[in-house]
file structure36.txt (compact mmCIF, C-alpha atoms and all ligand atoms)
# COMPACT_ATOMS: atom_id res chain seq x y z
CA MET I 1 -34.65 -1.64 75.29
CA THR I 2 -36.72 1.57 75.25
CA ASN I 3 -40.35 1.68 76.40
CA LYS I 4 -41.50 2.10 72.81
CA ASN I 5 -39.90 -1.18 71.94
CA SER I 6 -41.46 -3.19 74.74
CA LEU I 7 -45.02 -4.47 75.03
CA ASP I 8 -46.57 -3.39 78.29
CA GLU I 9 -49.77 -4.96 79.60
CA LYS I 10 -50.98 -1.82 81.40
CA LYS I 11 -50.47 0.44 78.36
CA ILE I 12 -52.18 -2.03 76.06
CA LYS I 13 -55.19 -2.49 78.34
CA LYS I 14 -55.53 1.29 78.75
CA GLY I 15 -55.61 1.87 74.99
CA LEU I 16 -57.79 -1.09 74.05
CA SER I 17 -61.18 -0.20 72.53
CA THR I 18 -62.32 -3.61 71.29
CA LEU I 19 -65.65 -5.33 71.68
CA ARG I 20 -64.20 -8.73 72.49
CA LEU I 21 -60.69 -9.28 71.15
CA GLY I 22 -58.03 -8.97 73.85
CA LYS I 23 -60.43 -8.60 76.80
CA ASP I 24 -58.59 -11.67 77.98
CA LEU I 25 -54.92 -10.80 77.36
CA GLU I 26 -51.62 -12.37 78.33
CA VAL I 27 -48.37 -10.51 77.70
CA PHE I 28 -45.00 -12.28 77.70
CA ASP I 29 -41.55 -10.88 77.37
CA THR I 30 -40.24 -14.18 75.99
CA ILE I 31 -42.17 -17.31 75.03
CA ASP I 32 -41.45 -20.31 72.81
CA SER I 33 -44.34 -19.64 70.41
CA THR I 34 -47.55 -17.67 71.02
CA ASN I 35 -49.36 -20.09 68.66
CA SER I 36 -48.18 -23.15 70.61
CA TYR I 37 -49.17 -21.53 73.91
CA ALA I 38 -52.59 -20.49 72.57
CA LYS I 39 -53.15 -24.01 71.26
CA ALA I 40 -52.49 -25.51 74.69
CA LEU I 41 -54.90 -22.97 76.24
CA SER I 42 -57.61 -23.70 73.69
CA GLU I 43 -57.74 -27.32 74.68
CA ASP I 44 -58.50 -25.95 78.12
CA LYS I 45 -61.32 -23.50 78.85
CA LYS I 46 -59.92 -20.29 77.37
CA LEU I 47 -62.47 -18.03 75.75
CA ASP I 48 -63.06 -16.89 72.22
CA GLY I 49 -61.11 -13.66 71.66
CA THR I 50 -58.24 -14.45 74.05
CA VAL I 51 -54.99 -12.80 72.89
CA ILE I 52 -51.42 -13.83 73.69
CA VAL I 53 -48.62 -11.36 72.84
CA ALA I 54 -44.86 -11.50 73.21
CA ASN I 55 -41.81 -9.34 72.64
CA GLU I 56 -39.75 -12.34 71.59
CA GLN I 57 -40.20 -16.01 70.62
CA THR I 58 -37.59 -18.71 70.99
CA ALA I 59 -39.38 -21.18 68.70
CA GLY I 60 -41.57 -19.06 66.42
CA ARG I 61 -43.26 -21.15 63.74
CA GLY I 62 -44.14 -20.24 60.17
CA ARG I 63 -46.12 -22.01 57.46
CA THR I 64 -44.86 -25.33 56.07
CA SER I 65 -43.00 -26.06 59.35
CA ARG I 66 -40.53 -23.24 58.78
CA LYS I 67 -39.00 -21.24 61.63
CA PHE I 68 -40.16 -17.66 62.01
CA PHE I 69 -37.42 -15.23 63.00
CA SER I 70 -38.69 -13.72 66.26
CA SER I 71 -36.12 -11.43 67.90
CA LYS I 72 -36.94 -8.80 70.56
CA ASP I 73 -37.61 -6.06 68.01
CA GLY I 74 -40.74 -7.69 66.60
CA VAL I 75 -44.37 -8.03 67.69
CA TYR I 76 -45.73 -11.57 68.00
CA LEU I 77 -49.31 -12.40 68.83
CA SER I 78 -51.92 -15.12 68.58
CA PHE I 79 -55.64 -15.01 69.15
CA ILE I 80 -58.10 -17.78 69.86
CA LEU I 81 -61.40 -18.10 68.01
CA LYS I 82 -64.06 -20.55 69.10
CA PRO I 83 -66.81 -20.15 66.51
CA ASP I 84 -70.31 -20.98 67.77
CA HIS I 85 -71.94 -20.92 64.31
CA ASN I 86 -71.33 -22.32 60.83
CA ASN I 87 -70.70 -19.04 58.98
CA PHE I 88 -67.04 -19.15 59.85
CA ASN I 89 -65.13 -19.73 56.62
CA VAL I 90 -61.51 -20.39 57.57
CA GLY I 91 -60.18 -19.61 54.06
CA LEU I 92 -61.86 -16.19 54.06
CA LEU I 93 -60.86 -15.57 57.66
CA THR I 94 -57.21 -15.79 56.61
CA LEU I 95 -57.75 -13.08 53.99
CA ALA I 96 -59.84 -10.87 56.31
CA VAL I 97 -57.09 -11.03 58.94
CA ALA I 98 -54.43 -10.11 56.36
CA LEU I 99 -56.49 -7.11 55.27
CA SER I 100 -56.91 -5.88 58.86
CA VAL I 101 -53.21 -6.30 59.57
CA LYS I 102 -52.37 -4.37 56.43
CA LYS I 103 -54.72 -1.55 57.48
CA ALA I 104 -53.16 -1.28 60.94
CA LEU I 105 -49.61 -1.34 59.60
CA THR I 106 -50.41 1.30 56.97
CA ASP I 107 -52.14 3.44 59.55
CA ILE I 108 -49.19 3.46 61.94
CA SER I 109 -46.43 3.79 59.35
CA GLY I 110 -47.97 5.64 56.39
CA LEU I 111 -46.36 3.03 54.13
CA ASP I 112 -47.85 1.75 50.90
CA LEU I 113 -48.12 -2.00 51.55
CA GLU I 114 -49.30 -5.00 49.54
CA ILE I 115 -50.62 -8.44 50.35
CA LYS I 116 -49.17 -11.57 48.81
CA TRP I 117 -51.84 -14.26 48.68
CA PRO I 118 -52.92 -15.55 51.05
CA ASN I 119 -51.57 -13.48 53.90
CA ASP I 120 -48.02 -12.18 53.72
CA ILE I 121 -47.74 -8.41 54.07
CA LEU I 122 -45.07 -6.96 51.80
CA PHE I 123 -43.22 -3.70 51.46
CA GLY I 124 -41.95 -3.75 47.88
CA ASP I 125 -40.92 -7.36 47.39
CA LYS I 126 -39.86 -7.88 51.02
CA LYS I 127 -41.84 -9.48 53.81
CA LEU I 128 -42.93 -7.30 56.71
CA CYS I 129 -45.33 -9.68 58.40
CA GLY I 130 -46.38 -13.34 58.29
CA ILE I 131 -49.62 -14.95 59.45
CA LEU I 132 -50.20 -18.56 60.47
CA SER I 133 -53.77 -19.81 61.02
CA GLU I 134 -54.20 -23.25 62.57
CA ALA I 135 -57.64 -24.83 62.85
CA GLN I 136 -58.52 -27.79 65.05
CA THR I 137 -61.55 -29.82 64.00
CA ASP I 138 -63.62 -32.24 66.05
CA ALA I 139 -62.75 -35.77 64.92
CA LEU I 140 -66.34 -36.93 65.49
CA ASN I 141 -68.38 -34.32 63.60
CA GLY I 142 -65.74 -32.48 61.54
CA LYS I 143 -66.75 -29.10 63.01
CA VAL I 144 -64.13 -26.45 63.74
CA LYS I 145 -63.37 -26.60 67.49
CA TYR I 146 -61.07 -23.61 67.54
CA ILE I 147 -58.77 -21.56 65.35
CA ILE I 148 -55.47 -20.07 66.41
CA CYS I 149 -54.37 -17.16 64.31
CA GLY I 150 -50.76 -16.07 64.79
CA ILE I 151 -49.24 -12.84 63.48
CA GLY I 152 -45.55 -11.98 63.42
CA ILE I 153 -44.54 -8.41 62.55
CA ASN I 154 -41.01 -7.21 61.83
CA CYS I 155 -41.35 -3.97 63.73
CA ASN I 156 -38.18 -2.26 64.90
CA ASN I 157 -35.56 -4.65 63.54
CA THR I 158 -32.43 -3.00 62.20
CA PHE I 159 -30.95 -6.21 60.81
CA PHE I 160 -31.95 -9.78 59.92
CA PRO I 161 -29.92 -13.00 59.80
CA ASP I 162 -28.14 -13.66 56.47
CA GLU I 163 -30.64 -16.35 55.38
CA ILE I 164 -33.50 -13.85 55.28
CA SER I 165 -31.80 -10.48 54.92
CA ASP I 166 -32.71 -10.34 51.20
CA ILE I 167 -36.39 -11.13 51.72
CA ALA I 168 -37.31 -9.53 55.07
CA VAL I 169 -37.84 -5.90 56.06
CA SER I 170 -39.06 -4.16 59.21
CA LEU I 171 -41.42 -1.20 59.61
CA ARG I 172 -38.53 0.78 61.04
CA GLN I 173 -36.33 0.05 58.03
CA ALA I 174 -39.17 0.86 55.64
CA CYS I 175 -40.37 4.13 57.15
CA GLY I 176 -37.14 5.32 58.75
CA LYS I 177 -38.44 5.68 62.30
CA ALA I 178 -38.97 3.48 65.35
CA ILE I 179 -42.55 2.37 65.94
CA ASP I 180 -44.22 2.21 69.35
CA LYS I 181 -45.06 -1.47 69.72
CA ASN I 182 -47.93 -0.79 72.16
CA GLU I 183 -49.58 1.67 69.78
CA LEU I 184 -49.17 -0.78 66.94
CA LEU I 185 -50.75 -3.60 68.93
CA ILE I 186 -53.69 -1.42 70.04
CA LYS I 187 -54.42 -0.42 66.41
CA LEU I 188 -54.03 -3.97 65.24
CA LEU I 189 -56.44 -5.41 67.82
CA TYR I 190 -58.95 -2.68 66.94
CA GLU I 191 -58.85 -3.56 63.22
CA LEU I 192 -59.04 -7.29 63.91
CA ASP I 193 -61.91 -6.88 66.37
CA ASN I 194 -63.76 -4.89 63.72
CA VAL I 195 -63.56 -7.63 61.12
CA LEU I 196 -64.18 -10.47 63.59
CA TYR I 197 -66.88 -9.05 65.88
CA ARG I 198 -68.18 -5.56 64.98
CA GLN I 199 -68.68 -6.03 61.25
CA PRO I 200 -67.81 -9.70 60.78
CA TYR I 201 -66.26 -10.51 57.41
CA TYR I 202 -68.69 -13.39 56.81
CA ILE I 203 -71.75 -11.06 56.80
CA ASN I 204 -70.60 -9.39 53.60
CA PRO I 205 -67.72 -11.46 52.21
CA CYS I 206 -67.92 -9.93 48.70
CA ASP I 207 -67.11 -6.43 50.01
CA MET I 208 -64.20 -7.81 52.04
CA LEU I 209 -62.92 -9.71 48.98
CA LEU I 210 -63.14 -6.63 46.76
CA GLU I 211 -61.06 -4.65 49.22
CA TYR I 212 -58.62 -7.53 49.69
CA LYS I 213 -58.10 -7.83 45.94
CA LYS I 214 -57.16 -4.15 45.68
CA SER I 215 -54.18 -4.84 47.95
CA LEU I 216 -53.11 -7.99 46.21
CA THR I 217 -49.91 -8.44 44.25
CA LEU I 218 -49.88 -11.26 41.68
CA LEU I 219 -53.32 -10.89 40.03
CA GLY I 220 -52.92 -11.01 36.26
CA LYS I 221 -49.31 -12.15 36.59
CA GLN I 222 -47.46 -15.38 35.77
CA VAL I 223 -47.03 -17.43 38.94
CA SER I 224 -45.60 -20.76 40.09
CA VAL I 225 -47.35 -22.69 42.86
CA ILE I 226 -44.73 -24.79 44.56
CA TYR I 227 -45.57 -28.07 46.31
CA PRO I 228 -43.02 -30.47 47.85
CA GLU I 229 -43.13 -32.81 44.83
CA TYR I 230 -44.23 -30.65 41.92
CA GLU I 231 -44.92 -27.17 40.67
CA LEU I 232 -47.89 -25.63 38.83
CA CYS I 233 -47.43 -22.69 36.51
CA GLY I 234 -50.11 -20.36 35.23
CA ILE I 235 -51.67 -16.91 35.47
CA ALA I 236 -53.16 -15.75 38.79
CA LYS I 237 -56.69 -14.74 37.78
CA ASP I 238 -58.85 -14.10 40.80
CA ILE I 239 -59.81 -15.09 44.35
CA ASP I 240 -62.80 -17.41 44.81
CA LEU I 241 -65.52 -17.17 47.46
CA ASN I 242 -63.62 -19.54 49.75
CA GLY I 243 -60.43 -17.51 49.59
CA GLY I 244 -58.70 -19.79 47.05
CA LEU I 245 -56.42 -18.34 44.37
CA ILE I 246 -57.78 -19.09 40.89
CA VAL I 247 -54.93 -19.93 38.54
CA SER I 248 -55.42 -20.34 34.81
CA LEU I 249 -53.21 -23.24 33.66
CA PRO I 250 -51.62 -23.45 30.17
CA ASP I 251 -54.27 -26.01 29.01
CA GLY I 252 -57.03 -23.52 29.86
CA GLU I 253 -58.14 -25.23 33.10
CA GLN I 254 -58.97 -22.82 35.94
CA LYS I 255 -57.77 -24.26 39.24
CA SER I 256 -58.45 -22.94 42.75
CA ILE I 257 -55.36 -23.16 44.92
CA PHE I 258 -55.65 -23.43 48.71
CA SER I 259 -52.12 -24.38 49.69
CA GLY I 260 -48.60 -24.35 48.34
CA GLU I 261 -46.15 -21.49 48.08
CA VAL I 262 -46.98 -19.02 45.34
CA LYS I 263 -44.11 -17.23 43.62
CA LEU I 264 -44.10 -14.61 40.94
CA ARG I 265 -42.41 -16.02 37.82
CA VAL I 266 -39.60 -13.94 36.50
CA LYS I 267 -39.51 -14.13 32.72
CA ALA I 268 -36.20 -15.41 31.36
C1 LIG P 1 -45.30 -17.37 57.88
O1 LIG P 1 -44.95 -16.33 57.34
O2 LIG P 1 -44.92 -18.48 57.45
C2 LIG P 1 -46.20 -17.30 59.07
C3 LIG P 1 -45.48 -16.75 60.25
C4 LIG P 1 -46.35 -16.64 61.49
C5 LIG P 1 -45.54 -16.21 62.69
C6 LIG P 1 -46.40 -15.92 63.88
S1 LIG P 1 -45.50 -15.07 65.13
C7 LIG P 1 -46.80 -15.32 66.25
C8 LIG P 1 -47.30 -16.73 66.04
N1 LIG P 1 -46.51 -17.67 66.79
C9 LIG P 1 -45.81 -18.50 66.01
O3 LIG P 1 -45.06 -19.40 66.41
N2 LIG P 1 -46.06 -18.22 64.73
C10 LIG P 1 -47.00 -17.13 64.59

call {"tool": "encode", "arguments": {"input": "structure36.txt", "output": "structure tokens"}}
result
Amino acid sequence: MTNKNSLDEKKIKKGLSTLRLGKDLEVFDTIDSTNSYAKALSEDKKLDGTVIVANEQTAGRGRTSRKFFSSKDGVYLSFILKPDHNNFNVGLLTLAVALSVKKALTDISGLDLEIKWPNDILFGDKKLCGILSEAQTDALNGKVKYIICGIGINCNNTFFPDEISDIAVSLRQACGKAIDKNELLIKLLYELDNVLYRQPYYINPCDMLLEYKKSLTLLGKQVSVIYPEYELCGIAKDIDLNGGLIVSLPDGEQKSIFSGEVKLRVKA
């Protein structure tokens, strides 16, 4: 493994220019899942803005209990948020994070990237990066206790397992050159810190949403929203102020979607 392809705590700390994110940083070569580790820490006393990063995960998790392919060529991180106010909208947070990740990836690679609602980053129709946000609420008062936001980036991969080789792509494959993982992480933490602490997304959510929508695939297109037991079909119209996808159903009803897998419908 070359230096470029390995996360290095000293290099990251030297390059870091954030207000809060990553001031408390743990770097692992291999870990089961940065989200699982961050979750265990959050129950303890770890601070808002703590970041966990790893070169490799042995049990990386994706949405809907899927595995997330996490070989040594990727970048895997999670950060802990402990909101101390009520402005924190978790739905919008997911979109703001996706937008920041897209900015950092575009900046480092020069690639033209898109976001698939809510937070997959795509190059063409292939996935470059997945994001998993997990919120823990207080059972007594329903308030958000903490949020773990996990980001997995296909960085320098030159191949993927058969099951995902048709749907996954890495930055290296897309731009034809290896990416320095430390530089990528430093840029990424800067963009995230900006939207979380310097100019928080919840101060001016409409501006953030406008920018998000410019990067979005699917708007105006026929989509299927797939749930375990059924499927909804309609036209993806807009994003609402809570980050939901507004779908216009065939009977004219406009429905905001907050979960389920959204797929573009290919016309027969
Ligand atoms: C998805 O596309 O379904 C979301 C994937 C999220 C993967 C990241 S990698 C870092 C963090 N740790 C995990 O176990 N999952 C997230």

call {"tool": "closest_atom_pairs", "arguments": {"input": "structure36.txt", "of": "chain I", "to": "ligand LIG 1 (chain P)", "cutoff": "10 Å", "atoms": "all atoms listed in the file", "output": "JSON lines"}}
result
{"residue": "I:Ile31", "atom": "CA", "partner": "P:LIG1", "partner_atom": "N1", "distance": 9.3}
{"residue": "I:Asp32", "atom": "CA", "partner": "P:LIG1", "partner_atom": "O3", "distance": 7.4}
{"residue": "I:Ser33", "atom": "CA", "partner": "P:LIG1", "partner_atom": "O3", "distance": 4.1}
{"residue": "I:Thr34", "atom": "CA", "partner": "P:LIG1", "partner_atom": "N1", "distance": 4.4}
{"residue": "I:Asn35", "atom": "CA", "partner": "P:LIG1", "partner_atom": "N1", "distance": 4.2}
{"residue": "I:Ser36", "atom": "CA", "partner": "P:LIG1", "partner_atom": "O3", "distance": 6.4}
{"residue": "I:Tyr37", "atom": "CA", "partner": "P:LIG1", "partner_atom": "N1", "distance": 8.5}
{"residue": "I:Ala38", "atom": "CA", "partner": "P:LIG1", "partner_atom": "N1", "distance": 8.9}
{"residue": "I:Ile52", "atom": "CA", "partner": "P:LIG1", "partner_atom": "C7", "distance": 8.9}
{"residue": "I:Val53", "atom": "CA", "partner": "P:LIG1", "partner_atom": "C7", "distance": 7.9}
{"residue": "I:Ala54", "atom": "CA", "partner": "P:LIG1", "partner_atom": "C7", "distance": 8.2}
{"residue": "I:Glu56", "atom": "CA", "partner": "P:LIG1", "partner_atom": "S1", "distance": 9.1}
{"residue": "I:Gln57", "atom": "CA", "partner": "P:LIG1", "partner_atom": "O3", "distance": 7.3}
{"residue": "I:Thr58", "atom": "CA", "partner": "P:LIG1", "partner_atom": "O3", "distance": 8.8}
{"residue": "I:Ala59", "atom": "CA", "partner": "P:LIG1", "partner_atom": "O3", "distance": 6.4}
{"residue": "I:Gly60", "atom": "CA", "partner": "P:LIG1", "partner_atom": "O3", "distance": 3.5}
{"residue": "I:Arg61", "atom": "CA", "partner": "P:LIG1", "partner_atom": "O3", "distance": 3.7}
{"residue": "I:Gly62", "atom": "CA", "partner": "P:LIG1", "partner_atom": "O2", "distance": 3.3}
{"residue": "I:Arg63", "atom": "CA", "partner": "P:LIG1", "partner_atom": "O2", "distance": 3.7}
{"residue": "I:Thr64", "atom": "CA", "partner": "P:LIG1", "partner_atom": "O2", "distance": 7.0}
{"residue": "I:Ser65", "atom": "CA", "partner": "P:LIG1", "partner_atom": "O2", "distance": 8.0}
{"residue": "I:Arg66", "atom": "CA", "partner": "P:LIG1", "partner_atom": "O2", "distance": 6.6}
{"residue": "I:Lys67", "atom": "CA", "partner": "P:LIG1", "partner_atom": "O2", "distance": 7.8}
{"residue": "I:Phe68", "atom": "CA", "partner": "P:LIG1", "partner_atom": "C5", "distance": 5.6}
{"residue": "I:Phe69", "atom": "CA", "partner": "P:LIG1", "partner_atom": "C5", "distance": 8.2}
{"residue": "I:Ser70", "atom": "CA", "partner": "P:LIG1", "partner_atom": "S1", "distance": 7.0}
{"residue": "I:Gly74", "atom": "CA", "partner": "P:LIG1", "partner_atom": "S1", "distance": 8.9}
{"residue": "I:Val75", "atom": "CA", "partner": "P:LIG1", "partner_atom": "S1", "distance": 7.6}
{"residue": "I:Tyr76", "atom": "CA", "partner": "P:LIG1", "partner_atom": "C7", "distance": 4.3}
{"residue": "I:Leu77", "atom": "CA", "partner": "P:LIG1", "partner_atom": "C7", "distance": 4.6}
{"residue": "I:Ser78", "atom": "CA", "partner": "P:LIG1", "partner_atom": "C8", "distance": 5.5}
{"residue": "I:Phe79", "atom": "CA", "partner": "P:LIG1", "partner_atom": "C8", "distance": 9.1}
{"residue": "I:Asn119", "atom": "CA", "partner": "P:LIG1", "partner_atom": "O1", "distance": 8.0}
{"residue": "I:Asp120", "atom": "CA", "partner": "P:LIG1", "partner_atom": "O1", "distance": 6.3}
{"residue": "I:Ile121", "atom": "CA", "partner": "P:LIG1", "partner_atom": "O1", "distance": 9.0}
{"residue": "I:Lys127", "atom": "CA", "partner": "P:LIG1", "partner_atom": "O1", "distance": 8.3}
{"residue": "I:Leu128", "atom": "CA", "partner": "P:LIG1", "partner_atom": "O1", "distance": 9.3}
{"residue": "I:Cys129", "atom": "CA", "partner": "P:LIG1", "partner_atom": "O1", "distance": 6.7}
{"residue": "I:Gly130", "atom": "CA", "partner": "P:LIG1", "partner_atom": "O1", "distance": 3.4}
{"residue": "I:Ile131", "atom": "CA", "partner": "P:LIG1", "partner_atom": "C2", "distance": 4.2}
{"residue": "I:Leu132", "atom": "CA", "partner": "P:LIG1", "partner_atom": "C2", "distance": 4.4}
{"residue": "I:Ser133", "atom": "CA", "partner": "P:LIG1", "partner_atom": "C4", "distance": 8.1}
{"residue": "I:Glu134", "atom": "CA", "partner": "P:LIG1", "partner_atom": "C10", "distance": 9.7}
{"residue": "I:Ile148", "atom": "CA", "partner": "P:LIG1", "partner_atom": "C8", "distance": 8.8}
{"residue": "I:Cys149", "atom": "CA", "partner": "P:LIG1", "partner_atom": "C8", "distance": 7.3}
{"residue": "I:Gly150", "atom": "CA", "partner": "P:LIG1", "partner_atom": "C8", "distance": 3.7}
{"residue": "I:Ile151", "atom": "CA", "partner": "P:LIG1", "partner_atom": "C6", "distance": 4.2}
{"residue": "I:Gly152", "atom": "CA", "partner": "P:LIG1", "partner_atom": "S1", "distance": 3.5}
{"residue": "I:Ile153", "atom": "CA", "partner": "P:LIG1", "partner_atom": "S1", "distance": 7.2}
{"residue": "I:Asn154", "atom": "CA", "partner": "P:LIG1", "partner_atom": "S1", "distance": 9.6}
{"residue": "I:Glu261", "atom": "CA", "partner": "P:LIG1", "partner_atom": "O2", "distance": 9.9}

call {"tool": "atom_distance", "arguments": {"input": "structure36.txt", "atom1": "atom CA of Cys175 of chain I", "atom2": "atom CA of Gly110 of chain I"}}
result
7.8 Å

call {"tool": "residues_around", "arguments": {"input": "structure36.txt", "residues": "Ile80 of chain I", "least_positions_apart": "4", "cutoff": "8 Å", "atoms": "all atoms listed in the file", "output": "list in words"}}
result
Ala38, Ser42, Leu47, Asp48, Gly49, Thr50, Val51, Tyr146, Ile147, Ile148 and Cys149 of chain I

call {"tool": "residues_around", "arguments": {"input": "structure36.txt", "residues": "Lys13 of chain I", "least_positions_apart": "5", "cutoff": "10 Å", "atoms": "only C-alpha atoms", "output": "count of residues only"}}
result
7

call {"tool": "closest_residue", "arguments": {"input": "structure36.txt", "among": "I:Ile164, I:Leu218, I:Val169, I:Ile12", "to": "Leu264 of chain I", "atoms": "only C-alpha atoms"}}
result
I:Leu218

call {"tool": "closest_residue", "arguments": {"input": "structure36.txt", "among": "I:Cys206, I:Ile226, I:Ile108, I:Leu232", "to": "Ala178 of chain I", "atoms": "only C-alpha atoms"}}
result
I:Ile108

call {"tool": "atom_distance", "arguments": {"input": "structure36.txt", "atom1": "atom CA of Ile115 of chain I", "atom2": "atom CA of Glu9 of chain I"}}
result
29.5 Å

call {"tool": "closest_residue", "arguments": {"input": "structure36.txt", "among": "I:Leu105, I:Gly244, I:Ser71, I:Val225", "to": "Phe160 of chain I", "atoms": "only C-alpha atoms"}}
result
I:Ser71

call {"tool": "atom_distance", "arguments": {"input": "structure36.txt", "atom1": "atom CA of Leu111 of chain I", "atom2": "atom CA of Leu171 of chain I"}}
result
8.5 Å

call {"tool": "build_atoms", "arguments": {"input": "structure36.txt", "residues": "segment 5-25 of chain I", "atoms": "N, CA and C atoms", "output": "PDB file, in the frame of the given file"}}
result
ATOM      1  N   ASN I   5     -40.209   0.107  72.562  1.00  0.00           N
ATOM      2  CA  ASN I   5     -39.900  -1.180  71.940  1.00  0.00           C
ATOM      3  C   ASN I   5     -40.285  -2.359  72.819  1.00  0.00           C
ATOM      4  N   SER I   6     -41.085  -2.101  73.847  1.00  0.00           N
ATOM      5  CA  SER I   6     -41.460  -3.190  74.740  1.00  0.00           C
ATOM      6  C   SER I   6     -42.970  -3.204  74.986  1.00  0.00           C
ATOM      7  N   LEU I   7     -43.573  -4.363  74.799  1.00  0.00           N
ATOM      8  CA  LEU I   7     -45.020  -4.470  75.030  1.00  0.00           C
ATOM      9  C   LEU I   7     -45.298  -4.425  76.517  1.00  0.00           C
ATOM     10  N   ASP I   8     -46.293  -3.628  76.883  1.00  0.00           N
ATOM     11  CA  ASP I   8     -46.570  -3.390  78.290  1.00  0.00           C
ATOM     12  C   ASP I   8     -48.075  -3.607  78.530  1.00  0.00           C
ATOM     13  N   GLU I   9     -48.375  -4.564  79.391  1.00  0.00           N
ATOM     14  CA  GLU I   9     -49.770  -4.960  79.600  1.00  0.00           C
ATOM     15  C   GLU I   9     -50.664  -3.785  79.997  1.00  0.00           C
ATOM     16  N   LYS I  10     -50.164  -2.953  80.916  1.00  0.00           N
ATOM     17  CA  LYS I  10     -50.980  -1.820  81.400  1.00  0.00           C
ATOM     18  C   LYS I  10     -51.313  -0.854  80.265  1.00  0.00           C
ATOM     19  N   LYS I  11     -50.267  -0.515  79.473  1.00  0.00           N
ATOM     20  CA  LYS I  11     -50.470   0.440  78.360  1.00  0.00           C
ATOM     21  C   LYS I  11     -51.454  -0.137  77.352  1.00  0.00           C
ATOM     22  N   ILE I  12     -51.310  -1.412  77.072  1.00  0.00           N
ATOM     23  CA  ILE I  12     -52.180  -2.030  76.060  1.00  0.00           C
ATOM     24  C   ILE I  12     -53.626  -2.010  76.555  1.00  0.00           C
ATOM     25  N   LYS I  13     -53.829  -2.417  77.795  1.00  0.00           N
ATOM     26  CA  LYS I  13     -55.190  -2.490  78.340  1.00  0.00           C
ATOM     27  C   LYS I  13     -55.826  -1.101  78.377  1.00  0.00           C
ATOM     28  N   LYS I  14     -55.014  -0.087  78.683  1.00  0.00           N
ATOM     29  CA  LYS I  14     -55.530   1.290  78.750  1.00  0.00           C
ATOM     30  C   LYS I  14     -56.014   1.755  77.375  1.00  0.00           C
ATOM     31  N   GLY I  15     -55.286   1.379  76.333  1.00  0.00           N
ATOM     32  CA  GLY I  15     -55.610   1.870  74.990  1.00  0.00           C
ATOM     33  C   GLY I  15     -56.633   1.023  74.250  1.00  0.00           C
ATOM     34  N   LEU I  16     -56.945  -0.130  74.776  1.00  0.00           N
ATOM     35  CA  LEU I  16     -57.790  -1.090  74.050  1.00  0.00           C
ATOM     36  C   LEU I  16     -59.243  -0.599  73.936  1.00  0.00           C
ATOM     37  N   SER I  17     -59.782  -0.632  72.698  1.00  0.00           N
ATOM     38  CA  SER I  17     -61.180  -0.200  72.530  1.00  0.00           C
ATOM     39  C   SER I  17     -61.951  -1.273  71.738  1.00  0.00           C
ATOM     40  N   THR I  18     -61.691  -2.515  72.049  1.00  0.00           N
ATOM     41  CA  THR I  18     -62.320  -3.610  71.290  1.00  0.00           C
ATOM     42  C   THR I  18     -63.602  -4.073  71.971  1.00  0.00           C
ATOM     43  N   LEU I  19     -64.425  -4.741  71.145  1.00  0.00           N
ATOM     44  CA  LEU I  19     -65.650  -5.330  71.680  1.00  0.00           C
ATOM     45  C   LEU I  19     -65.313  -6.610  72.458  1.00  0.00           C
ATOM     46  N   ARG I  20     -64.517  -7.471  71.842  1.00  0.00           N
ATOM     47  CA  ARG I  20     -64.200  -8.730  72.490  1.00  0.00           C
ATOM     48  C   ARG I  20     -62.710  -9.112  72.448  1.00  0.00           C
ATOM     49  N   LEU I  21     -62.071  -8.807  71.315  1.00  0.00           N
ATOM     50  CA  LEU I  21     -60.690  -9.280  71.150  1.00  0.00           C
ATOM     51  C   LEU I  21     -59.751  -8.642  72.176  1.00  0.00           C
ATOM     52  N   GLY I  22     -59.028  -9.473  72.914  1.00  0.00           N
ATOM     53  CA  GLY I  22     -58.030  -8.970  73.850  1.00  0.00           C
ATOM     54  C   GLY I  22     -58.581  -8.608  75.219  1.00  0.00           C
ATOM     55  N   LYS I  23     -59.894  -8.840  75.447  1.00  0.00           N
ATOM     56  CA  LYS I  23     -60.430  -8.600  76.800  1.00  0.00           C
ATOM     57  C   LYS I  23     -59.735  -9.561  77.762  1.00  0.00           C
ATOM     58  N   ASP I  24     -59.415 -10.724  77.234  1.00  0.00           N
ATOM     59  CA  ASP I  24     -58.590 -11.670  77.980  1.00  0.00           C
ATOM     60  C   ASP I  24     -57.214 -11.641  77.302  1.00  0.00           C
ATOM     61  N   LEU I  25     -56.224 -11.073  77.999  1.00  0.00           N
ATOM     62  CA  LEU I  25     -54.920 -10.800  77.360  1.00  0.00           C
ATOM     63  C   LEU I  25     -53.776 -11.308  78.226  1.00  0.00           C
TER      64      LEU I  25
END
